[in-house]
Structures are given as structure tokens and as C-alpha cells.
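Shown next: structure05.cif, containing mmCIF, C-alpha atoms.
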data_protein
loop_
_atom_site.label_atom_id
_atom_site.label_comp_id
_atom_site.auth_asym_id
_atom_site.auth_seq_id
_atom_site.Cartn_x
_atom_site.Cartn_y
_atom_site.Cartn_z
CA MET A 193 -5.12 11.99 20.06
CA LYS A 194 -6.54 12.47 16.59
CA ILE A 195 -5.10 11.15 13.36
CA GLU A 196 -5.11 13.13 10.15
CA LEU A 197 -4.29 11.64 6.76
CA LEU A 198 -2.40 14.26 4.77
CA GLU A 199 -2.22 14.43 1.01
CA THR A 200 1.58 14.14 1.11
CA PHE A 201 1.41 10.37 1.53
CA ILE A 202 -1.76 9.47 -0.33
CA THR A 203 -1.09 6.52 -2.64
CA GLY A 204 -3.06 8.04 -5.51
CA HIS A 205 -5.26 4.97 -5.90
CA PRO A 206 -8.85 6.06 -5.16
CA VAL A 207 -10.02 2.79 -3.60
CA ILE A 208 -6.96 2.37 -1.40
CA ASP A 209 -7.00 6.02 -0.31
CA ARG A 210 -10.73 5.92 0.46
CA GLN A 211 -10.16 2.88 2.64
CA HIS A 212 -7.22 4.56 4.38
CA ARG A 213 -9.57 7.42 5.23
CA SER A 214 -12.06 4.91 6.65
CA ILE A 215 -9.33 3.45 8.84
CA VAL A 216 -8.43 6.94 10.06
CA ASP A 217 -12.11 7.62 10.80
CA ALA A 218 -12.34 4.36 12.77
CA ILE A 219 -9.30 5.27 14.84
CA ASN A 220 -10.68 8.74 15.47
CA GLY A 221 -13.98 7.17 16.56
CA VAL A 222 -12.11 5.28 19.26
CA SER A 223 -10.31 8.49 20.21
CA ASP A 224 -13.62 10.29 20.57
CA ALA A 225 -14.98 7.49 22.77
CA ILE A 226 -11.89 7.60 24.97
CA ASN A 227 -11.95 11.39 25.26
CA SER A 228 -15.64 11.38 26.21
CA GLY A 229 -15.14 8.58 28.77
CA ALA A 230 -17.35 6.14 26.81
CA TYR A 231 -14.98 3.25 27.44
CA ASP A 232 -17.75 0.67 27.11
CA ARG A 233 -18.00 1.56 23.39
CA CYS A 234 -14.32 0.91 22.71
CA ALA A 235 -14.56 -2.87 22.27
CA ILE A 236 -17.24 -2.49 19.60
CA LEU A 237 -15.32 0.30 17.90
CA LEU A 238 -12.15 -1.80 17.94
CA ASP A 239 -14.01 -4.70 16.35
CA ASP A 240 -15.22 -2.28 13.67
CA PHE A 241 -11.64 -1.04 13.19
CA LEU A 242 -10.31 -4.58 12.76
CA GLY A 243 -13.06 -5.38 10.26
CA ILE A 244 -12.28 -2.26 8.25
CA CYS A 245 -8.56 -3.13 8.27
CA GLU A 246 -9.14 -6.73 7.21
CA ASN A 247 -11.43 -5.61 4.40
CA HIS A 248 -8.88 -3.01 3.31
CA PHE A 249 -6.03 -5.51 3.33
CA THR A 250 -8.02 -8.01 1.25
CA THR A 251 -9.02 -5.32 -1.25
CA GLU A 252 -5.51 -3.89 -1.49
CA GLU A 253 -3.95 -7.32 -2.01
CA LYS A 254 -6.46 -8.08 -4.78
CA ILE A 255 -5.70 -4.76 -6.51
CA LEU A 256 -1.96 -5.40 -6.30
CA GLU A 257 -2.32 -8.99 -7.49
CA ASP A 258 -4.45 -7.90 -10.45
CA LEU A 259 -1.79 -5.35 -11.39
CA GLY A 260 1.00 -7.91 -11.16
CA TYR A 261 2.81 -6.29 -8.23
CA PRO A 262 5.84 -8.54 -7.62
CA GLY A 263 5.82 -7.99 -3.84
CA VAL A 264 2.16 -8.87 -3.26
CA LYS A 265 2.89 -12.07 -1.31
CA GLU A 266 5.27 -10.29 1.04
CA HIS A 267 2.76 -7.46 1.43
CA ALA A 268 0.03 -9.97 2.31
CA VAL A 269 2.29 -11.49 4.99
CA PHE A 270 2.91 -7.99 6.32
CA HIS A 271 -0.86 -7.46 6.52
CA GLN A 272 -1.33 -10.76 8.37
CA GLU A 273 1.29 -9.70 10.90
CA LEU A 274 -0.46 -6.36 11.41
CA ILE A 275 -3.80 -8.08 12.05
CA LEU A 276 -2.18 -10.41 14.59
CA LYS A 277 -0.66 -7.38 16.34
CA ALA A 278 -3.99 -5.57 16.28
CA ARG A 279 -5.81 -8.55 17.82
CA ALA A 280 -3.19 -8.76 20.55
CA VAL A 281 -3.55 -5.05 21.22
CA LYS A 282 -7.32 -5.37 21.36
CA SER A 283 -6.98 -7.66 24.38
CA LEU A 284 -5.53 -4.68 26.27
CA CYS A 285 -8.73 -2.80 25.63
CA MET A 286 -11.16 -5.24 27.14
CA ASP A 287 -10.92 -3.88 30.68
CA THR A 288 -13.17 -0.85 30.49
CA HIS A 289 -12.32 0.00 34.09
CA LYS A 290 -8.74 0.84 33.14
CA PRO A 291 -8.71 3.95 30.96
CA ASP A 292 -4.90 3.83 30.73
CA SER A 293 -5.09 0.43 29.01
CA ILE A 294 -7.61 1.77 26.53
CA LYS A 295 -5.44 4.79 25.80
CA ARG A 296 -2.43 2.53 25.25
CA CYS A 297 -4.55 0.45 22.94
CA PHE A 298 -5.50 3.51 20.93
CA ASP A 299 -1.85 4.50 20.58
CA GLU A 300 -1.07 0.98 19.34
CA MET A 301 -3.90 1.22 16.80
CA ALA A 302 -2.51 4.50 15.52
CA THR A 303 0.92 2.89 15.21
CA LEU A 304 -0.65 -0.01 13.31
CA LEU A 305 -2.09 2.37 10.76
CA ILE A 306 1.16 4.25 10.38
CA GLU A 307 3.03 0.98 9.89
CA ASP A 308 0.61 -0.07 7.15
CA VAL A 309 0.63 3.16 5.24
CA VAL A 310 4.18 4.33 5.71
CA LYS A 311 6.15 1.11 5.90
CA GLY A 312 3.94 -1.06 3.75
CA ASP A 313 1.89 0.84 1.24
CA LEU A 314 4.43 3.42 0.22
CA GLN A 315 6.61 0.57 -1.03
CA PHE A 316 4.17 -0.08 -3.88
CA VAL A 317 3.36 3.51 -4.86
CA SER A 318 6.27 3.68 -7.31
CA PHE A 319 4.95 0.46 -8.87
CA LEU A 320 1.51 2.06 -9.29
CA ILE A 321 3.17 5.07 -10.93
CA ASP A 322 5.28 2.86 -13.22
CA GLN A 323 2.14 0.97 -14.26
CA ASN A 324 0.37 4.29 -15.03
CA VAL A 325 -2.29 3.43 -12.46
CA VAL A 326 -1.68 6.66 -10.53
CA GLU A 327 -0.16 9.98 -11.46
CA PRO A 328 3.19 11.00 -10.01
CA ARG A 329 2.74 13.85 -7.58
CA ILE A 330 4.99 16.50 -6.14
CA HIS A 331 4.09 17.34 -2.58
CA THR A 332 4.84 20.28 -0.41
CA HIS A 333 4.73 19.72 3.30
CA THR A 334 2.48 21.92 5.36
CA PRO A 335 2.43 21.48 9.11
CA ALA A 336 -0.65 19.84 10.53
CA LYS A 337 -2.93 21.89 12.71
CA PRO A 338 -3.86 20.20 15.99
CA ASP A 339 -7.49 19.28 16.44
CA SER A 340 -8.78 21.60 19.13
CA SER A 341 -11.02 18.89 20.61
CA SER A 342 -8.08 16.80 21.71
CA ASN A 343 -4.91 17.27 23.71
CA HIS A 344 -2.85 15.26 21.24
CA HIS A 345 -2.65 15.19 17.50
CA ARG A 346 -0.84 12.79 15.26
CA THR A 347 -0.50 13.45 11.58
CA LEU A 348 -0.42 10.46 9.33
CA ASN A 349 1.55 11.25 6.28
CA GLY A 350 0.43 8.14 4.61
#
Before we go any further, please render this structure as C-alpha cells.
Amino acid sequence: MKIELLETFITGHPVIDRQHRSIVDAINGVSDAINSGAYDRCAILLDDFLGICENHFTTEEKILEDLGYPGVKEHAVFHQELILKARAVKSLCMDTHKPDSIKRCFDEMATLLIEDVVKGDLQFVSFLIDQNVVEPRIHTHTPAKPDSSSNHHRTLNG
């Protein structure tokens, strides 16, 4: 399964959106390793993913704190919970002899990203707009095209 970050749910903040793309790239790197049968690479790629997420969360919280976002403490707790979930999921991925576990792990990682962007980050987009940090945008939805290199495709509208 591949993840695609569509413009319809981009926050509008260049740093946050660039980091979201890095998270998507990290998830897709794990997907590529799974699809090619390179299960031994998954643990390293998952560590990279967690590092990218932790860096993103720290950066995002700092941006929100600097802007005076009133929900920054709750958002930070949400991030901490996501990292705890991700670390728990990573333990499923340690057995490289069980491809099904690794695939489940990948699905959990994709869910983690969707939870962050959709449930978490979209809550502060209106704040960014109100603070004139980002421009309001009107989006039209266009269906995602499946990646031909994979049997599954998940679109991340976030």
C-alpha cells in the first residue's frame, strides 16, 4: 500500500507540510521494502520513521507555541500518545520471518499518520488562518490514482 498526501488537506504551513511529506516518504519506504521482500530493512526504516515523526512533533509544537495556539498542550499530549502507539506497533515488526506482522505494522503506521494529520493537525488549521499565518484555501476533490507498483493505495487527505 502506498500513501499519497493530497493538497486537499495540506495545512498551508510550509515547514509542517514539508515534514508531513517526509513522513509519507518514510511510510512509503517501508511499503517498498515490504513489497520487495526486504523485511530485514523494515526495523531500520521504522526507526527512521519514528525519528522523523518525533522531530516533526517537536517542530510542530514549537511553531504552535510560538504562535500562541491555545490547544498546544493538548496537541503535545496527542503527539506523545501517537509515539507510544508507534513504538508498540514497531514491536510487531521485529520478527522478519513473519511478513504478515510486518504488513500489519505498516498498516498501523499509515493509520498513525492519518490520525496525526486528520484528527490532530486539521484542528489547528483554522487557527493558522485566523492568525494570517496561512492563506485560506478552497479545495476541489479529485480522486487519487492508485500507484501501479502496489496492490493497495491509500490517499492521505491530510
### Task
Taking the file above as input, evaluate the PyMOL selection byres ((chain A and resi 262-266) around 12) and report the hits as number ranges by chain.
A: 249-261, 267-273, 312-313, 315-317, 319-320
### Task
Take the PyMOL selection byres ((chain A and resi 228-231) around 8), apply it to the structure above, and return the hits as a count of residues only.
11
### Message
Please report the interatomic distance between CA of Val326 (chain A) and CA of Gln211 (chain A) in Å with one decimal.
### Response
16.1 Å
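Here CA of Lys290 (chain A) stands at a distance of 27.0 Å from CA of Ser214 (chain A).
The space between CA of Ile321 (chain A) and CA of Ile275 (chain A) spans 27.4 Å.
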Please write out, as JSON, where the centre of an axis-aligned box around all listed atoms of region 211-221 of chain A lies and how long its edges are, in Å to one decimal, after adding 5 Å on each side.
{"center_x": -10.6, "center_y": 5.8, "center_z": 9.6, "size_x": 16.8, "size_y": 15.9, "size_z": 23.9}
### Task
Select, counting all atoms listed in the file, all protein, DNA and RNA residues no farther than 12 Å from (-12.2, 5.0, 14.2) in file coordinates, and express the selection as an NGL selection string.
:A and (193-196 or 211-226 or 233-245 or 298 or 301-302 or 305)
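Residues selected in this file by the PyMOL selection byres ((chain A and resi 203) around 8) comprise Phe201, Ile202, Gly204, His205, Ile208, Asp209, Asp313, Leu314, Val317, Val326 and Gly350 of chain A.
Distance check against Asp299 (chain A) using only C-alpha atoms: of A:Lys311, A:Glu246, A:Asn324, A:Val281, the minimum falls on A:Val281.
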